[in-house]
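K.L.:
This is the structure I want to talk about, given as structure tokens.
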Amino acid sequence: MSPASSTKFNARLKASFKGWHRPTGGLGLAAASWLALGQPAFAQVSPEVAHIFNTFSFLVCGALVMFMAAGFAMLEAGLVRSKNVATILLKNIALYSVAGILFYLIGYALMYPADAWITGAQILGFASGGAPYNPGDIAAPDLETGYSVSSDWFFQMVFVATAASVVSGTIAERTKLWSFMIFVVVLTGFIYPIQGSWTWGGGWLADMGFSDFAGSTIVHSVGGWAALVGALMVGPRLGKFSGRKINALPGHSMPLATLGTFILWLGWFGFNGGSQLALGSAADATAMSIVFVNTNMAAAAGVVAAMITAQLWFGKVDLTMSLNGALAGLVSITAGPDVSTPLLAMIIGGIGGALCVASVVFLERLRIDDVVGAISVHLVCGIWGTLAVGIFNPKVALDVQIIGILAIGAFVSICSWVAWSLINLVVGLRVSPEEETSGLDEAEIGLQAYPEFGKNSF
Amino acid sequence: MSPASSTKFNARLKASFKGWHRPTGGLGLAAASWLALGQPAFAQVSPEVAHIFNTFSFLVCGALVMFMAAGFAMLEAGLVRSKNVATILLKNIALYSVAGILFYLIGYALMYPADAWITGAQILGFASGGAPYNPGDIAAPDLETGYSVSSDWFFQMVFVATAASVVSGTIAERTKLWSFMIFVVVLTGFIYPIQGSWTWGGGWLADMGFSDFAGSTIVHSVGGWAALVGALMVGPRLGKFSGRKINALPGHSMPLATLGTFILWLGWFGFNGGSQLALGSAADATAMSIVFVNTNMAAAAGVVAAMITAQLWFGKVDLTMSLNGALAGLVSITAGPDVSTPLLAMIIGGIGGALCVASVVFLERLRIDDVVGAISVHLVCGIWGTLAVGIFNPKVALDVQIIGILAIGAFVSICSWVAWSLINLVVGLRVSPEEETSGLDEAEIGLQAYPEFGKNSF
Amino acid sequence: MSPASSTKFNARLKASFKGWHRPTGGLGLAAASWLALGQPAFAQVSPEVAHIFNTFSFLVCGALVMFMAAGFAMLEAGLVRSKNVATILLKNIALYSVAGILFYLIGYALMYPADAWITGAQILGFASGGAPYNPGDIAAPDLETGYSVSSDWFFQMVFVATAASVVSGTIAERTKLWSFMIFVVVLTGFIYPIQGSWTWGGGWLADMGFSDFAGSTIVHSVGGWAALVGALMVGPRLGKFSGRKINALPGHSMPLATLGTFILWLGWFGFNGGSQLALGSAADATAMSIVFVNTNMAAAAGVVAAMITAQLWFGKVDLTMSLNGALAGLVSITAGPDVSTPLLAMIIGGIGGALCVASVVFLERLRIDDVVGAISVHLVCGIWGTLAVGIFNPKVALDVQIIGILAIGAFVSICSWVAWSLINLVVGLRVSPEEETSGLDEAEIGLQAYPEFGKNSF
């Protein structure tokens, strides 16, 4: 594939990614038109300035999304019991690391086959024999795409980690460390990028018009499906269900869970805002601003809806439910934060918050043990948010949204089932009952998260 | 009001908000002048580029301020006893959510009546029947204001939440959850925006020349007055004062309090830096840089001053005092970080830090129970910082600063007293002594923050 | 020195700082060339726009580096025992504050003697009698340097604090608070800026071609040497070494340590990315993007390498080792994130991660008690990263890198030894054995970090 045609293909990808957004366009083209005298008075961003804006936006937003890894770590640590805290922390920092490495080695090329070629010199620099990058050079792809391809890669990479983060929480407190890490390799190196290529990589779902702005389905429900299959395969924690009774196994630290939620909320501005994929025009800056506002309002409505739902249903407000309400609102708006009014964002987020509470209760009745509520937040609300775009946005067909949800759901579920099954066969998924009772920290890493607190610490 | 006149009004608002700063100006005007050939060599920012800079600055700084909600949550959680931690966390995430919703539904229109009209199509999109925003369109207001109105709205919204965050800490450990939430509705929907309109909304205080760059008075002391009235109405915690004895009821986690302080310090760069309200010129970028430096130096001096004051007064350094010293320095510089030298910022912040220590001691002697020291930090230092602008800045009249402080203080105090009284009458402010003794977490939300630590956990 | 010649000198500094990067250049020059008609189609960033980009990049990246102070505080707090937590928190917020004040009063002028003159009006504003800065004015230095000098100062200042943060962790749990604070004054006011002037200040190491992009040696190993000397002088903690036995004194909270690591990882994007020192061209934006990617990949490889090393060596994965692996990878890449391919960054970071594990073990065998592993992370990997640039970058001489490492190491070690010795002589370094046993929190600040948890809390 020649650079020219691949760039053109790339532009299409971006167009489809952003729905009906006009991408900033290749610099070659833009430079030509900018230098021409016919531009309107407002079209006054030179190609190089647009390049810097686009690139810096990827970096700043990408850094915020990277910090979501800390948010997931704190949220999940807060919602497990103290005997499993160190292990969940280790899983979280390890999965973020492995996701980046796998996406670098394999995933990115699978997800963006066209870009994998044109960015070879810069991103896949090892293919050039490891020659050090020569600063000051602007790689040819950068001139054509209108942004630094490294900045785009960074932004895409942190998304993969998010999908993997969803899984660790659901199956916490009973899954083996290394078994989980193997699954992360499969998820981030293969499952995520293959389904991602269908839409963001310019594949068949993009051709059909499937619309998922920042990944309600492509990121969050992918993690959610993998988590659901994992939860079914690994089974509930000891003591969670005794006969018909459902026992609460409360998380050990509400401050950590709350901190994690706030960090995720912060990171989501990068997650959704950066998914505009451009900042090189006033239209892009305006669109990003609208995304910020809608993201915030959906989360706010999710909190309030979860509080009210819990008050009416259980007679008291619940902190964990409220935190998950925020995340539910965020996941719900992620498919379409660019095309909502703030009021619509609040409606979508609020429904997400209430749905999440109901889903948590429903999954427990189904005897599915999701330690942190990640299936309810990321899968259920991911589906809801993707449907909402089809319902409220007249330019998006609801049936195409449903096809996308089902196709991705089926693919991820089946692949996850195969992967979990093979891992189970070879190394086993679950620690022994003795190890689970004494805690994964002691069994898996020989460390206490709080050696001075809790039972018999001193 | 026609768009043109309202835009003009808007420009005045911004001018008054920024003191004697020249605003970036409307794009229509700027585009005309930019296209003319007579501009000096340095005046080379096109209107569209300035629009992107201004907008992105609002978004990045706004995200930092949003994160201050997490800072307040961690600070307050760390400074309460463990039996009240989950409730204070819930209050914090709920107040941030409610503040945004109320500011959207009511507050913004009260605070910026002119903007409420011109931004109707975009921000108050629900007024247009909920039609989805059409990406790619640049709304007319954006062309005129020089930034995306959504980004400005986002930045203004996070400030409201800050004011509300101040209140929750002072009256923690004894106030009912839902009573507090009702007050947040009143504060963020009515009290804050009405007094805010007097200055930032272009009202009578702006006309008089009252100068409060980022809100020492308009944000922090507003929260502080509301907190003071609340503390007087709800009364001290059980066991705080026994006869003439003042008992320390130490916060349960110093790491959380310290983390919260650091997060607030970080967020303050957005709070003060973003209050430049523009980044579309080298002069704005330089001004923002000076604001960053002064903000940091005031906080640093606040820490050192609080440490030294405590060492000299009590014979030992105190961590909580030092943390509050940082916040005291930050609040103190907030009224004038744009017009100080770093040395002056250190003097202002250092005086704030010492003042805060004295105020904490003084309030305890007055039998006012402020759990986290928020009155000392936000009200006392908010007043000091606002006075400091009148003292050190020859362009600002000290008597006008005093008028502003008194007017806002009287308005907020009276409104808060009415609001707290009505809430007390209808639903009650305070939990029962039994509930307070067993802790709000058990009484209000039936949840323990740390089910495995502390007394009889296992 | 005339402004003109000092500006020229300044440009050389920046050139040497950035290796063979072409600096954005003075605005006067750039404006002239930009207004000429001969520029290529891509060279379309006006001097004022470049100024804004450069400045905003310093501010955003600087804020991220500032947040590293919180990361160090949480990491160190997590890795000490609960009886010393409040003291280490106080040390961290105090050292950040003191570092800024000292760098303002003395350090910056020592490190950048040329800039100290030209920035006098703005940064050292107190020299002008404390006259308030007049917003709207653009100081002459800003026009010449291509960025706001205040933003550059802010960015340099947060680096000083990082060096000081390294020290506090190593000598925690037995060093007196005020003795440590005096050392911070010496380190940040004198030792750090003097050695920094040799390279970044345009001194003899810069002339020789010593290359240290963001400070593997100049920041991290400086902190590391000071920590090593401090550890040798203050001696190991009571109970760490009993005869030939090495006792683990495990940190009290893994969530805090993990949170701190994630915050540091986030902040490192600012630390390394901002060290490009410019964002005013597509080449700079591309370089910054490459720095972001390499920074992330080195850290990711450091985590994985530390996990694998620990698994093979000790038969189990260790969380603390994995966290230090991330930091080791980050320190290792800091000397050359601009000239690596991602694969090379992974190799450099991975070796750093493994090296760190080995170093932790080795130092314990040498009876050197480093509470948090900071010597292994910052000194050992700082040396490794600086050597790696000489090994892998054909444009940098390995022997010059070695000379730089040795010269800075010798200078910092000797100065630190003198400083620690004098402090020991005058006020003493170490608390009494009784105070150490009861904990520094009780002895030094009369406060418990967790009054309700742990032994005899209630």
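Scheme for the structure tokens: letters A, B, ... for chains in order shown; per-chain residue numbers from 1; ligand numbers from 1 in order shown.
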Taking only C-alpha atoms into account, find every residue of chain B that has an atom no more than 8 Å from chain C, and write it out as a PyMOL selection string.
P.N.:
chain B and resi 20-22+41-45+81-82+250-255+258-259+262-263+266+269+279-287+289-290+292-293+297+299-301+303-304+316-319+322-323+338-344+392-393+453-455
K.L.:
Dump as CSV the rows for residues of stretch 342-438 of chain C within 8 Å of stretch 219-223 of chain C: closest atom pair and distance in Å with one decimal, only C-alpha atoms counted, ordered by chain and rising residue number.
P.N.:
residue,atom,partner,partner_atom,distance
C:His378,CA,C:His220,CA,4.9
C:Leu379,CA,C:Ser221,CA,4.2
C:Val380,CA,C:Ser221,CA,7.5
C:Gly382,CA,C:Ser221,CA,5.2
C:Ile383,CA,C:Ser221,CA,6.8
C:Ile408,CA,C:Val222,CA,7.3
C:Gly409,CA,C:Val222,CA,7.0
C:Val412,CA,C:Val222,CA,6.4
K.L.:
Go ahead and dump the residues you just picked, C-alpha atoms, as a PDB file, in the first residue's frame.
P.N.:
ATOM      1  CA  HIS C 378      17.304   7.226  41.630  1.00  0.00           C
ATOM      2  CA  LEU C 379      21.067   6.806  41.991  1.00  0.00           C
ATOM      3  CA  VAL C 380      21.737   3.414  40.438  1.00  0.00           C
ATOM      4  CA  GLY C 382      20.177   7.460  37.203  1.00  0.00           C
ATOM      5  CA  ILE C 383      23.737   6.358  36.486  1.00  0.00           C
ATOM      6  CA  ILE C 408      28.515  15.378  39.826  1.00  0.00           C
ATOM      7  CA  GLY C 409      28.688  12.356  42.107  1.00  0.00           C
ATOM      8  CA  VAL C 412      27.290  16.182  45.590  1.00  0.00           C
TER       9      VAL C 412
END
K.L.:
Show which residues sit within 7 Å of stretch 436-440 of chain A, as an MDAnalysis selection string. Count only C-alpha atoms, and ignore same-chain residues fewer than 3 positions away.
P.N.:
chainID A and resid 83:84 87 173:174 431:433 443:444
K.L.:
For A:Thr170, which residue out of A:Thr309, A:Ile106, A:Ala278, A:Val377 is the nearest one, using only C-alpha atoms?
P.N.:
A:Val377
K.L.:
Taking the DSSP secondary structure from the backbone, can you list the residues of stretch 180-415 of chain B that are helix (DSSP H, G or I), as a PyMOL selection string?
P.N.:
chain B and resi 180-199+204-208+216-234+254-276+282-314+319-333+342-365+374-392+398-415
K.L.:
Could you check which of B:Lys176, B:Pro193, B:Val166, B:Ile333 is closest to B:Phe103, using only C-alpha atoms?
P.N.:
B:Pro193
K.L.:
Based on the backbone DSSP call, show me all residues of stretch 181-290 of chain C assigned strand (DSSP E or B), as a ChimeraX atom specification.
P.N.:
/C:241-242,245-246
K.L.:
In Å, with one decimal, what is the gap from atom CA of A:Ser57 to atom CA of B:Gly267?
P.N.:
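Atom-to-atom, atom CA of A:Ser57 to atom CA of B:Gly267, that is 19.1 Å.
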K.L.:
So which residues touch stretch 194-199 of chain A within 8 Å, counting only C-alpha atoms, skipping near sequence neighbours fewer than 5 positions away, as an MDAnalysis selection string?
P.N.:
chainID A and resid 16:17 107 110:112 204:207 210 218 408 411:412
K.L.:
For the residues selected in the previous step, produce a file with C-alpha atoms as an mmCIF file, in the first residue's frame.
P.N.:
data_model
loop_
_atom_site.group_PDB
_atom_site.id
_atom_site.type_symbol
_atom_site.label_atom_id
_atom_site.label_comp_id
_atom_site.auth_asym_id
_atom_site.auth_seq_id
_atom_site.Cartn_x
_atom_site.Cartn_y
_atom_site.Cartn_z
ATOM 1 C CA SER A 16 -15.739 7.213 10.593
ATOM 2 C CA PHE A 17 -14.371 7.343 14.105
ATOM 3 C CA GLY A 107 -2.190 -4.706 19.001
ATOM 4 C CA LEU A 110 -3.925 -5.351 14.203
ATOM 5 C CA MET A 111 -6.196 -2.429 14.999
ATOM 6 C CA TYR A 112 -4.870 0.077 12.494
ATOM 7 C CA TRP A 204 -17.046 -3.320 8.409
ATOM 8 C CA LEU A 205 -18.798 -1.716 11.385
ATOM 9 C CA ALA A 206 -17.450 1.680 10.359
ATOM 10 C CA ASP A 207 -18.740 1.028 6.867
ATOM 11 C CA PHE A 210 -21.816 2.122 13.720
ATOM 12 C CA ILE A 218 -15.496 -0.638 21.908
ATOM 13 C CA ILE A 408 -18.632 -7.161 19.429
ATOM 14 C CA PHE A 411 -16.746 -11.929 19.427
ATOM 15 C CA VAL A 412 -15.335 -10.821 22.769
#
K.L.:
Using Å and a single decimal, report how far atom CA of C:Ala298 sits from atom CA of A:Val427.
P.N.:
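Between atom CA of A:Val427 and atom CA of C:Ala298 the gap is 28.9 Å.
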K.L.:
What does the distance from atom CA of B:Ala214 to atom CA of B:Ala419 come to in Å, to one decimal?
P.N.:
26.1 Å
K.L.:
Could you list, as a list of chain:residue names, every residue within 12 Å of C:Gly235, counting only C-alpha atoms and ignoring same-chain residues fewer than 4 positions away?
P.N.:
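In the requested format, the answer is C:Thr170, C:Ile171, C:Ala172, C:Glu173, C:Arg174, C:Thr175, C:Ala227, C:Leu228, C:Val229, C:Gly230, C:Ala231, C:Gly239, C:Lys240, C:Phe241, C:Leu366, C:Arg367, C:Ile368, C:Asp369, C:Asp370, C:Val371, C:Leu429, C:Arg430, C:Val431.
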K.L.:
What's around B:Gly352 at 9 Å? Count only C-alpha atoms, leave out sequence neighbours fewer than 6 positions away in its own chain, and write the answer as a PyMOL selection string.
P.N.:
chain B and resi 298+301-302+305-306+325-333+377+380-382+384-385
K.L.:
Next, write the just-selected residues to a file, as a PDB file, in the first residue's frame, keeping N, CA, C and O atoms as the atom set.
P.N.:
ATOM      1  N   ALA B 298       2.972  31.570  47.296  1.00  0.00           N
ATOM      2  CA  ALA B 298       2.108  31.889  48.429  1.00  0.00           C
ATOM      3  C   ALA B 298       1.817  30.639  49.245  1.00  0.00           C
ATOM      4  O   ALA B 298       1.820  30.671  50.487  1.00  0.00           O
ATOM      5  N   ALA B 301       4.999  29.618  51.153  1.00  0.00           N
ATOM      6  CA  ALA B 301       5.201  30.484  52.315  1.00  0.00           C
ATOM      7  C   ALA B 301       4.167  30.195  53.396  1.00  0.00           C
ATOM      8  O   ALA B 301       4.476  30.271  54.591  1.00  0.00           O
ATOM      9  N   GLY B 302       2.955  29.841  52.990  1.00  0.00           N
ATOM     10  CA  GLY B 302       1.930  29.494  53.961  1.00  0.00           C
ATOM     11  C   GLY B 302       2.331  28.278  54.793  1.00  0.00           C
ATOM     12  O   GLY B 302       2.133  28.256  56.018  1.00  0.00           O
ATOM     13  N   ALA B 305       5.269  29.360  57.099  1.00  0.00           N
ATOM     14  CA  ALA B 305       4.789  30.248  58.165  1.00  0.00           C
ATOM     15  C   ALA B 305       3.987  29.477  59.203  1.00  0.00           C
ATOM     16  O   ALA B 305       4.131  29.710  60.415  1.00  0.00           O
ATOM     17  N   ALA B 306       3.167  28.545  58.760  1.00  0.00           N
ATOM     18  CA  ALA B 306       2.378  27.763  59.721  1.00  0.00           C
ATOM     19  C   ALA B 306       3.275  26.872  60.562  1.00  0.00           C
ATOM     20  O   ALA B 306       3.051  26.692  61.763  1.00  0.00           O
ATOM     21  N   GLY B 325      -1.898  25.578  56.424  1.00  0.00           N
ATOM     22  CA  GLY B 325      -1.055  26.700  56.035  1.00  0.00           C
ATOM     23  C   GLY B 325      -0.910  26.814  54.525  1.00  0.00           C
ATOM     24  O   GLY B 325      -0.959  27.917  53.962  1.00  0.00           O
ATOM     25  N   ALA B 326      -0.762  25.675  53.887  1.00  0.00           N
ATOM     26  CA  ALA B 326      -0.692  25.684  52.415  1.00  0.00           C
ATOM     27  C   ALA B 326      -1.977  26.242  51.831  1.00  0.00           C
ATOM     28  O   ALA B 326      -1.968  27.119  50.952  1.00  0.00           O
ATOM     29  N   LEU B 327      -3.095  25.745  52.327  1.00  0.00           N
ATOM     30  CA  LEU B 327      -4.386  26.188  51.803  1.00  0.00           C
ATOM     31  C   LEU B 327      -4.627  27.656  52.137  1.00  0.00           C
ATOM     32  O   LEU B 327      -5.184  28.409  51.325  1.00  0.00           O
ATOM     33  N   ALA B 328      -4.187  28.068  53.314  1.00  0.00           N
ATOM     34  CA  ALA B 328      -4.336  29.474  53.702  1.00  0.00           C
ATOM     35  C   ALA B 328      -3.558  30.375  52.754  1.00  0.00           C
ATOM     36  O   ALA B 328      -4.053  31.431  52.318  1.00  0.00           O
ATOM     37  N   GLY B 329      -2.329  29.967  52.423  1.00  0.00           N
ATOM     38  CA  GLY B 329      -1.549  30.739  51.463  1.00  0.00           C
ATOM     39  C   GLY B 329      -2.242  30.801  50.106  1.00  0.00           C
ATOM     40  O   GLY B 329      -2.264  31.847  49.443  1.00  0.00           O
ATOM     41  N   LEU B 330      -2.827  29.691  49.709  1.00  0.00           N
ATOM     42  CA  LEU B 330      -3.499  29.636  48.405  1.00  0.00           C
ATOM     43  C   LEU B 330      -4.726  30.543  48.385  1.00  0.00           C
ATOM     44  O   LEU B 330      -4.947  31.300  47.433  1.00  0.00           O
ATOM     45  N   VAL B 331      -5.546  30.467  49.426  1.00  0.00           N
ATOM     46  CA  VAL B 331      -6.725  31.329  49.478  1.00  0.00           C
ATOM     47  C   VAL B 331      -6.310  32.804  49.512  1.00  0.00           C
ATOM     48  O   VAL B 331      -6.911  33.651  48.849  1.00  0.00           O
ATOM     49  N   SER B 332      -5.240  33.088  50.260  1.00  0.00           N
ATOM     50  CA  SER B 332      -4.828  34.486  50.425  1.00  0.00           C
ATOM     51  C   SER B 332      -4.388  35.122  49.117  1.00  0.00           C
ATOM     52  O   SER B 332      -4.611  36.305  48.886  1.00  0.00           O
ATOM     53  N   ILE B 333      -3.747  34.351  48.252  1.00  0.00           N
ATOM     54  CA  ILE B 333      -3.213  34.927  47.019  1.00  0.00           C
ATOM     55  C   ILE B 333      -4.265  34.958  45.906  1.00  0.00           C
ATOM     56  O   ILE B 333      -4.080  35.616  44.868  1.00  0.00           O
ATOM     57  N   VAL B 377      -9.345  28.859  57.064  1.00  0.00           N
ATOM     58  CA  VAL B 377      -8.665  28.837  55.768  1.00  0.00           C
ATOM     59  C   VAL B 377      -9.405  29.695  54.748  1.00  0.00           C
ATOM     60  O   VAL B 377      -8.823  30.578  54.113  1.00  0.00           O
ATOM     61  N   VAL B 380     -11.362  33.509  56.772  1.00  0.00           N
ATOM     62  CA  VAL B 380     -10.396  34.468  57.323  1.00  0.00           C
ATOM     63  C   VAL B 380      -9.356  34.842  56.265  1.00  0.00           C
ATOM     64  O   VAL B 380      -9.085  36.029  56.032  1.00  0.00           O
ATOM     65  N   CYS B 381      -8.771  33.843  55.627  1.00  0.00           N
ATOM     66  CA  CYS B 381      -7.743  34.152  54.623  1.00  0.00           C
ATOM     67  C   CYS B 381      -8.363  34.706  53.337  1.00  0.00           C
ATOM     68  O   CYS B 381      -7.700  35.446  52.607  1.00  0.00           O
ATOM     69  N   GLY B 382      -9.619  34.364  53.076  1.00  0.00           N
ATOM     70  CA  GLY B 382     -10.284  34.967  51.936  1.00  0.00           C
ATOM     71  C   GLY B 382     -10.442  36.465  52.127  1.00  0.00           C
ATOM     72  O   GLY B 382     -10.226  37.257  51.202  1.00  0.00           O
ATOM     73  N   TRP B 384      -8.537  38.286  54.180  1.00  0.00           N
ATOM     74  CA  TRP B 384      -7.174  38.841  54.188  1.00  0.00           C
ATOM     75  C   TRP B 384      -6.671  39.036  52.745  1.00  0.00           C
ATOM     76  O   TRP B 384      -6.133  40.098  52.399  1.00  0.00           O
ATOM     77  N   GLY B 385      -6.859  38.050  51.910  1.00  0.00           N
ATOM     78  CA  GLY B 385      -6.366  38.143  50.534  1.00  0.00           C
ATOM     79  C   GLY B 385      -7.038  39.266  49.759  1.00  0.00           C
ATOM     80  O   GLY B 385      -6.397  39.955  48.961  1.00  0.00           O
TER      81      GLY B 385
END
